[in-house]
Amino acid sequence: MGAKRVSITLALLFMFLAVAVSSSQNHKGIKKQYKPCKNLVLFFHDVIYNGQNAANATAAIVGAPEWGNHTILANQFHFGNVVVFDDPITLDNNFHSPPIGRAQGQYIYDTKNTFTAWLAFSFVLNSTDYQGSISFIGADPIMIKTRDISVVGGTGDFFMHRGVATIMTDAFEGEVYFRLRVDIKFYECW
Amino acid sequence: MGAKRVSITLALLFMFLAVAVSSSQNHKGIKKQYKPCKNLVLFFHDVIYNGQNAANATAAIVGAPEWGNHTILANQFHFGNVVVFDDPITLDNNFHSPPIGRAQGQYIYDTKNTFTAWLAFSFVLNSTDYQGSISFIGADPIMIKTRDISVVGGTGDFFMHRGVATIMTDAFEGEVYFRLRVDIKFYECW
Amino acid sequence: MGAKRVSITLALLFMFLAVAVSSSQNHKGIKKQYKPCKNLVLFFHDVIYNGQNAANATAAIVGAPEWGNHTILANQFHFGNVVVFDDPITLDNNFHSPPIGRAQGQYIYDTKNTFTAWLAFSFVLNSTDYQGSISFIGADPIMIKTRDISVVGGTGDFFMHRGVATIMTDAFEGEVYFRLRVDIKFYECW
């Protein structure tokens with residue numbers, strides 16, 4: 001039965017090596033093989049305060065460059081505007097769907113010659129299915145159809161999770177409303 | 001002695017599997033079994049500049065919505081106020097205890113109909129026991145007794161650490177002073 | 001051949017233990033043994049808007065304390081100034097080298113009695129060698145020669161990466177221009 005024992009040992013060795021590969025550095029070309037350990041697609045809705053929509057607004061300009069103000073997004077592609085938001089999160093793209101949580105944090109318009117933003121915010125989920133928070137950071141080149149940002153942490157049901165979120169501008173109306181589709185792919189679950 | 005060899009191999013296999021489980025995805029219900037690999041309880045003290053306390057203030061309003069200003073926190077639950085801080089960190093809840101570092105970064109009041117904040121800051125520790133930084137991000141629903149935020153990175157003694165911090169408002173005085181208790185639980189140490 | 005089998009098993013056991021150590025908690029003194037799985041040294045260049053350099057400026061003051069404004073960095077070591085930036089990234093220290101991407105985000109001056117900043121930004125790389133983003137967070141005690149901040153996430157070629165970046169002020173000219181050298185060491189690659 002020596003051959004059998006050797007083959008068990010070898011099988012063990014290969015399993016060991018397989019794990020060693022998946023939990024450490026990979027070649028550049030291999031990364032597309034990763035499968036998310038959890039996946040969530042959610043929408044959030046941003047209504048920017050413009051001086052006339054106080055009741056409905058979910059976001060407000062709180063920082064501006066010298067040439068801007070706090071009721072109208074600034075010239076030069078809104079460069080320098082800092083917006084704080086508390087936006088409803090829904091399971092579909094309907095603004096009137098029951099919210100399952102809030103997207104809270106800030107975005108910053110950060111280029112003078114095109115529309116780009118920098119995002120730093122958390123999803124605070126409070127539904128029968130999900131309780132907990134997910135925090136995001138990243139550059140958002142708005143004019144590109146889909147953009148990836150980093151999921152840098154989580155709490156509750158998302159305890160210690162990390163991943164990548166693919167965001168897409170699902171709709172926008174002038175400079176008052178936009179809706180983002182967020183496809184959250186966790187690659188590190190706990 | 002064939003049985004012994006098989007049992008060694010099996011023991012090895014089980015150890016292998018045990019590690020494979022703890023370092024990858026778990027079932028939702030298992031996550032409470034995790035034990036921190038390091039734990040720190042610290043306090044920090046925030047004195048907001050209000051136009052009259054320049055000498056003692058450790059924080060200042062630097063962003064506000066259209067209806068606000070930079071010496072008084074805004075109406076509507078301070079929605080839109082951005083505060084920059086450099087607060088002393090102490091080992092106990094005494095403002096006058098020798099600081100072991102500084103909490104530096106920003107918080108943002110981000111809801112119109114209740115008190116919530118969004119936090120993004122670092123602890124810069126400089127004591128005989130700890131040298132290094134810890135960075136935090138997350139939503140802070142202030143009215144809830146304990147809130148979890150994410151520990152997203154560290155340097156020095158906290159090189160590459162990740163975890164969850166449970167914060168608690170330990171004291172507050174009007175809109176000028178508050179003290180946070182921060183229970184930092186690292187689950188990924190290096 | 002029993003001895004051989006045992007030695008294979010023991011070799012396997014040691015390999016197993018070696019991985020267990022490197023992928024979990026280490027003693028404090030051991031951490032310096034870690035080697036980066038990827039390393040990048042890049043420079044970025046920040047030209048702050050001062051009311052007279054609109055064409056060249058890559059950054060603007062967008063938040064200030066009560067005693068400040070948005071064209072001149074504030075008194076008291078610029079405490080409370082929030083700056084949004086979109087800075088060119090180059091492979092060497094020459095401002096006129098072809099940019100390989102943009103550093104986008106914000107920095108905050110956050111101490112009243114010395115120069116310190118808090119950084120939160122992303123590198124958006126777009127070159128033949130690198131496509132993707134890297135996000136950074138951390139305290140920046142500017143007066144110290146080299147400072148470590150956390151690399152909290154990445155996308156594209158930097159998918160799920162984490163690490164530590166050592167930053168150094170490579171040059172500065174008054175309060176209008178500075179250049180940072182960023183030595184990015186990834187310790188978690190995918």
# chains A, B, ... in the order shown; residues from 1 in each chain; ligands from 1

$ select_by_dssp --residues "stretch 3-159 of chain A" --states "alpha helix (DSSP H)" --output "PyMOL selection string"
chain A and resi 3-22

$ residues_around --residues "C:Val152" --least-positions-apart "2" --cutoff "9 Å" --atoms "only C-alpha atoms" --output "NGL selection string"
(:A and (137 or 150-152)) or (:B and (152-153)) or (:C and (134-137 or 150 or 154 or 160-164))

$ residues_around --residues "B:His45" --least-positions-apart "5" --cutoff "10 Å" --atoms "only C-alpha atoms" --output "PyMOL selection string"
chain B and resi 58-59+85-90+93-96+102-103+170-172+177-181

$ write_last_selection --atoms "N, CA and C atoms" --output "mmCIF file, in the first residue's frame"
data_model
loop_
_atom_site.group_PDB
_atom_site.id
_atom_site.type_symbol
_atom_site.label_atom_id
_atom_site.label_comp_id
_atom_site.auth_asym_id
_atom_site.auth_seq_id
_atom_site.Cartn_x
_atom_site.Cartn_y
_atom_site.Cartn_z
ATOM 1 N N THR B 58 -9.355 72.056 19.158
ATOM 2 C CA THR B 58 -8.563 71.040 18.459
ATOM 3 C C THR B 58 -9.190 70.706 17.112
ATOM 4 N N ALA B 59 -10.301 71.355 16.800
ATOM 5 C CA ALA B 59 -11.046 71.055 15.576
ATOM 6 C C ALA B 59 -11.680 72.334 15.061
ATOM 7 N N PHE B 85 -9.872 67.863 12.311
ATOM 8 C CA PHE B 85 -9.459 67.792 13.711
ATOM 9 C C PHE B 85 -8.049 67.253 13.900
ATOM 10 N N ASP B 86 -7.503 67.639 15.021
ATOM 11 C CA ASP B 86 -6.195 67.149 15.496
ATOM 12 C C ASP B 86 -6.357 66.990 17.001
ATOM 13 N N ASP B 87 -6.886 65.835 17.412
ATOM 14 C CA ASP B 87 -7.339 65.640 18.787
ATOM 15 C C ASP B 87 -6.355 64.789 19.578
ATOM 16 N N PRO B 88 -6.139 65.122 20.847
ATOM 17 C CA PRO B 88 -5.272 64.275 21.674
ATOM 18 C C PRO B 88 -5.906 62.914 21.947
ATOM 19 N N ILE B 89 -5.065 61.877 21.924
ATOM 20 C CA ILE B 89 -5.491 60.519 22.267
ATOM 21 C C ILE B 89 -4.940 60.194 23.656
ATOM 22 N N THR B 90 -5.791 59.668 24.502
ATOM 23 C CA THR B 90 -5.353 59.293 25.850
ATOM 24 C C THR B 90 -5.728 57.844 26.137
ATOM 25 N N ASN B 93 -10.179 58.197 30.161
ATOM 26 C CA ASN B 93 -11.152 59.197 29.721
ATOM 27 C C ASN B 93 -10.872 60.607 30.243
ATOM 28 N N ASN B 94 -9.660 60.846 30.732
ATOM 29 C CA ASN B 94 -9.319 62.153 31.288
ATOM 30 C C ASN B 94 -8.648 63.030 30.238
ATOM 31 N N PHE B 95 -9.293 64.143 29.933
ATOM 32 C CA PHE B 95 -8.773 65.082 28.936
ATOM 33 C C PHE B 95 -7.352 65.525 29.262
ATOM 34 N N HIS B 96 -7.011 65.528 30.564
ATOM 35 C CA HIS B 96 -5.706 66.033 30.970
ATOM 36 C C HIS B 96 -4.647 64.946 31.115
ATOM 37 N N ARG B 102 -2.107 61.493 18.405
ATOM 38 C CA ARG B 102 -3.124 62.421 17.909
ATOM 39 C C ARG B 102 -4.053 61.690 16.950
ATOM 40 N N ALA B 103 -5.342 62.034 17.044
ATOM 41 C CA ALA B 103 -6.336 61.584 16.069
ATOM 42 C C ALA B 103 -6.485 62.703 15.054
ATOM 43 N N ASP B 170 -18.368 58.902 24.759
ATOM 44 C CA ASP B 170 -18.139 58.701 26.182
ATOM 45 C C ASP B 170 -18.598 59.917 26.971
ATOM 46 N N ALA B 171 -18.631 61.076 26.346
ATOM 47 C CA ALA B 171 -19.077 62.309 26.997
ATOM 48 C C ALA B 171 -19.258 63.363 25.926
ATOM 49 N N PHE B 172 -20.143 64.325 26.194
ATOM 50 C CA PHE B 172 -20.187 65.503 25.335
ATOM 51 C C PHE B 172 -20.726 66.672 26.128
ATOM 52 N N TYR B 177 -17.573 70.192 22.951
ATOM 53 C CA TYR B 177 -16.648 69.113 23.331
ATOM 54 C C TYR B 177 -17.315 67.757 23.198
ATOM 55 N N PHE B 178 -16.598 66.787 22.681
ATOM 56 C CA PHE B 178 -17.028 65.403 22.866
ATOM 57 C C PHE B 178 -15.797 64.524 23.022
ATOM 58 N N ARG B 179 -16.050 63.378 23.625
ATOM 59 C CA ARG B 179 -14.983 62.403 23.843
ATOM 60 C C ARG B 179 -15.460 61.073 23.300
ATOM 61 N N LEU B 180 -14.638 60.447 22.466
ATOM 62 C CA LEU B 180 -14.984 59.141 21.918
ATOM 63 C C LEU B 180 -14.102 58.068 22.539
ATOM 64 N N ARG B 181 -14.746 56.963 22.896
ATOM 65 C CA ARG B 181 -14.022 55.761 23.308
ATOM 66 C C ARG B 181 -13.922 54.873 22.075
#

$ interface_residues --of "chain B" --to "chain A" --cutoff "6 Å" --atoms "only C-alpha atoms" --output "PDB file with all heavy atoms, in the first residue's frame"
ATOM      1  N   GLN B  25     -13.522  32.195   2.806  1.00  0.00           N
ATOM      2  CA  GLN B  25     -14.924  32.524   3.081  1.00  0.00           C
ATOM      3  C   GLN B  25     -15.554  31.616   4.139  1.00  0.00           C
ATOM      4  O   GLN B  25     -15.366  30.415   4.150  1.00  0.00           O
ATOM      5  CB  GLN B  25     -15.717  32.390   1.786  1.00  0.00           C
ATOM      6  CG  GLN B  25     -17.158  32.823   1.974  1.00  0.00           C
ATOM      7  CD  GLN B  25     -17.910  32.782   0.673  1.00  0.00           C
ATOM      8  OE1 GLN B  25     -17.407  32.275  -0.314  1.00  0.00           O
ATOM      9  NE2 GLN B  25     -19.117  33.312   0.674  1.00  0.00           N
ATOM     10  N   ASN B  26     -16.299  32.236   5.008  1.00  0.00           N
ATOM     11  CA  ASN B  26     -17.015  31.495   6.030  1.00  0.00           C
ATOM     12  C   ASN B  26     -18.508  31.661   5.880  1.00  0.00           C
ATOM     13  O   ASN B  26     -18.986  32.574   5.245  1.00  0.00           O
ATOM     14  CB  ASN B  26     -16.619  32.020   7.417  1.00  0.00           C
ATOM     15  CG  ASN B  26     -15.402  31.304   7.937  1.00  0.00           C
ATOM     16  OD1 ASN B  26     -15.090  30.230   7.470  1.00  0.00           O
ATOM     17  ND2 ASN B  26     -14.737  31.914   8.891  1.00  0.00           N
ATOM     18  N   GLY B  63     -16.105  73.263   6.256  1.00  0.00           N
ATOM     19  CA  GLY B  63     -17.058  73.178   5.165  1.00  0.00           C
ATOM     20  C   GLY B  63     -18.449  73.286   5.749  1.00  0.00           C
ATOM     21  O   GLY B  63     -18.700  72.830   6.874  1.00  0.00           O
ATOM     22  N   ALA B  64     -19.356  73.903   4.993  1.00  0.00           N
ATOM     23  CA  ALA B  64     -20.718  74.095   5.475  1.00  0.00           C
ATOM     24  C   ALA B  64     -21.638  74.197   4.276  1.00  0.00           C
ATOM     25  O   ALA B  64     -21.210  74.589   3.190  1.00  0.00           O
ATOM     26  CB  ALA B  64     -20.807  75.365   6.313  1.00  0.00           C
ATOM     27  N   PRO B  65     -22.908  73.854   4.457  1.00  0.00           N
ATOM     28  CA  PRO B  65     -23.867  74.041   3.367  1.00  0.00           C
ATOM     29  C   PRO B  65     -24.181  75.530   3.233  1.00  0.00           C
ATOM     30  O   PRO B  65     -23.705  76.347   4.032  1.00  0.00           O
ATOM     31  CB  PRO B  65     -25.080  73.258   3.855  1.00  0.00           C
ATOM     32  CG  PRO B  65     -25.002  73.329   5.346  1.00  0.00           C
ATOM     33  CD  PRO B  65     -23.539  73.322   5.678  1.00  0.00           C
ATOM     34  N   GLU B  66     -24.968  75.853   2.243  1.00  0.00           N
ATOM     35  CA  GLU B  66     -25.291  77.261   1.969  1.00  0.00           C
ATOM     36  C   GLU B  66     -25.849  77.965   3.201  1.00  0.00           C
ATOM     37  O   GLU B  66     -25.592  79.141   3.415  1.00  0.00           O
ATOM     38  CB  GLU B  66     -26.317  77.320   0.820  1.00  0.00           C
ATOM     39  CG  GLU B  66     -26.635  78.705   0.330  1.00  0.00           C
ATOM     40  CD  GLU B  66     -28.141  78.935   0.238  1.00  0.00           C
ATOM     41  OE1 GLU B  66     -28.904  78.014   0.592  1.00  0.00           O
ATOM     42  OE2 GLU B  66     -28.536  80.032  -0.164  1.00  0.00           O
ATOM     43  N   GLY B  80     -24.024  68.652   6.407  1.00  0.00           N
ATOM     44  CA  GLY B  80     -23.116  69.343   5.505  1.00  0.00           C
ATOM     45  C   GLY B  80     -21.884  69.935   6.166  1.00  0.00           C
ATOM     46  O   GLY B  80     -20.976  70.375   5.466  1.00  0.00           O
ATOM     47  N   ASP B 110     -23.826  64.227   8.136  1.00  0.00           N
ATOM     48  CA  ASP B 110     -24.359  63.903   6.814  1.00  0.00           C
ATOM     49  C   ASP B 110     -25.833  63.488   6.753  1.00  0.00           C
ATOM     50  O   ASP B 110     -26.236  62.837   5.792  1.00  0.00           O
ATOM     51  CB  ASP B 110     -23.470  62.837   6.151  1.00  0.00           C
ATOM     52  CG  ASP B 110     -23.424  61.537   6.936  1.00  0.00           C
ATOM     53  OD1 ASP B 110     -24.165  61.406   7.914  1.00  0.00           O
ATOM     54  OD2 ASP B 110     -22.653  60.662   6.543  1.00  0.00           O
ATOM     55  N   THR B 111     -26.616  63.874   7.742  1.00  0.00           N
ATOM     56  CA  THR B 111     -28.050  63.610   7.623  1.00  0.00           C
ATOM     57  C   THR B 111     -28.836  64.854   8.038  1.00  0.00           C
ATOM     58  O   THR B 111     -28.431  65.588   8.938  1.00  0.00           O
ATOM     59  CB  THR B 111     -28.478  62.410   8.496  1.00  0.00           C
ATOM     60  OG1 THR B 111     -27.608  61.319   8.243  1.00  0.00           O
ATOM     61  CG2 THR B 111     -29.893  61.965   8.158  1.00  0.00           C
ATOM     62  N   TRP B 118     -19.899  60.907   9.146  1.00  0.00           N
ATOM     63  CA  TRP B 118     -19.045  59.999   8.401  1.00  0.00           C
ATOM     64  C   TRP B 118     -17.621  60.349   8.776  1.00  0.00           C
ATOM     65  O   TRP B 118     -17.233  61.518   8.766  1.00  0.00           O
ATOM     66  CB  TRP B 118     -19.270  60.147   6.895  1.00  0.00           C
ATOM     67  CG  TRP B 118     -18.558  59.112   6.082  1.00  0.00           C
ATOM     68  CD1 TRP B 118     -18.964  57.833   5.859  1.00  0.00           C
ATOM     69  CD2 TRP B 118     -17.303  59.254   5.418  1.00  0.00           C
ATOM     70  NE1 TRP B 118     -18.041  57.176   5.083  1.00  0.00           N
ATOM     71  CE2 TRP B 118     -17.015  58.010   4.811  1.00  0.00           C
ATOM     72  CE3 TRP B 118     -16.383  60.292   5.290  1.00  0.00           C
ATOM     73  CZ2 TRP B 118     -15.856  57.790   4.073  1.00  0.00           C
ATOM     74  CZ3 TRP B 118     -15.224  60.072   4.559  1.00  0.00           C
ATOM     75  CH2 TRP B 118     -14.968  58.838   3.950  1.00  0.00           C
ATOM     76  N   SER B 150     -14.650  50.786  10.127  1.00  0.00           N
ATOM     77  CA  SER B 150     -13.617  49.893   9.608  1.00  0.00           C
ATOM     78  C   SER B 150     -12.215  50.439   9.857  1.00  0.00           C
ATOM     79  O   SER B 150     -11.969  51.629   9.691  1.00  0.00           O
ATOM     80  CB  SER B 150     -13.802  49.673   8.102  1.00  0.00           C
ATOM     81  OG  SER B 150     -14.965  48.914   7.861  1.00  0.00           O
TER      82      SER B 150
END

$ residues_around --residues "C:Asn113" --least-positions-apart "6" --cutoff "10 Å" --atoms "only C-alpha atoms" --output "MDAnalysis selection string"
chainID C and resid 76:79

$ select_by_dssp --residues "stretch 30-174 of chain B" --states "strand (DSSP E)" --output "VMD selection string"
chain B and resid 38 to 47 59 to 63 82 to 90 101 to 109 117 to 126 131 to 140 146 to 156 162 to 173

$ atom_distance --atom1 "atom CA of B:Leu125" --atom2 "atom CA of B:Ile100"
6.0 Å

$ atom_distance --atom1 "atom CA of B:Leu91" --atom2 "atom CA of B:Gln131"
14.5 Å

$ residues_around --residues "B:Thr166" --least-positions-apart "6" --cutoff "12 Å" --atoms "only C-alpha atoms" --output "JSON, numbers by chain"
{"A": [155, 156], "B": [39, 40, 41, 42, 43, 136, 137, 138, 139, 140, 141, 144, 145, 146, 147, 148, 149, 150, 151, 180, 181, 182, 183, 184, 185, 186]}

$ closest_residue --among "B:Leu73, B:Lys112, B:Ser97, B:Ala117" --to "A:Asn56" --atoms "only C-alpha atoms"
B:Lys112
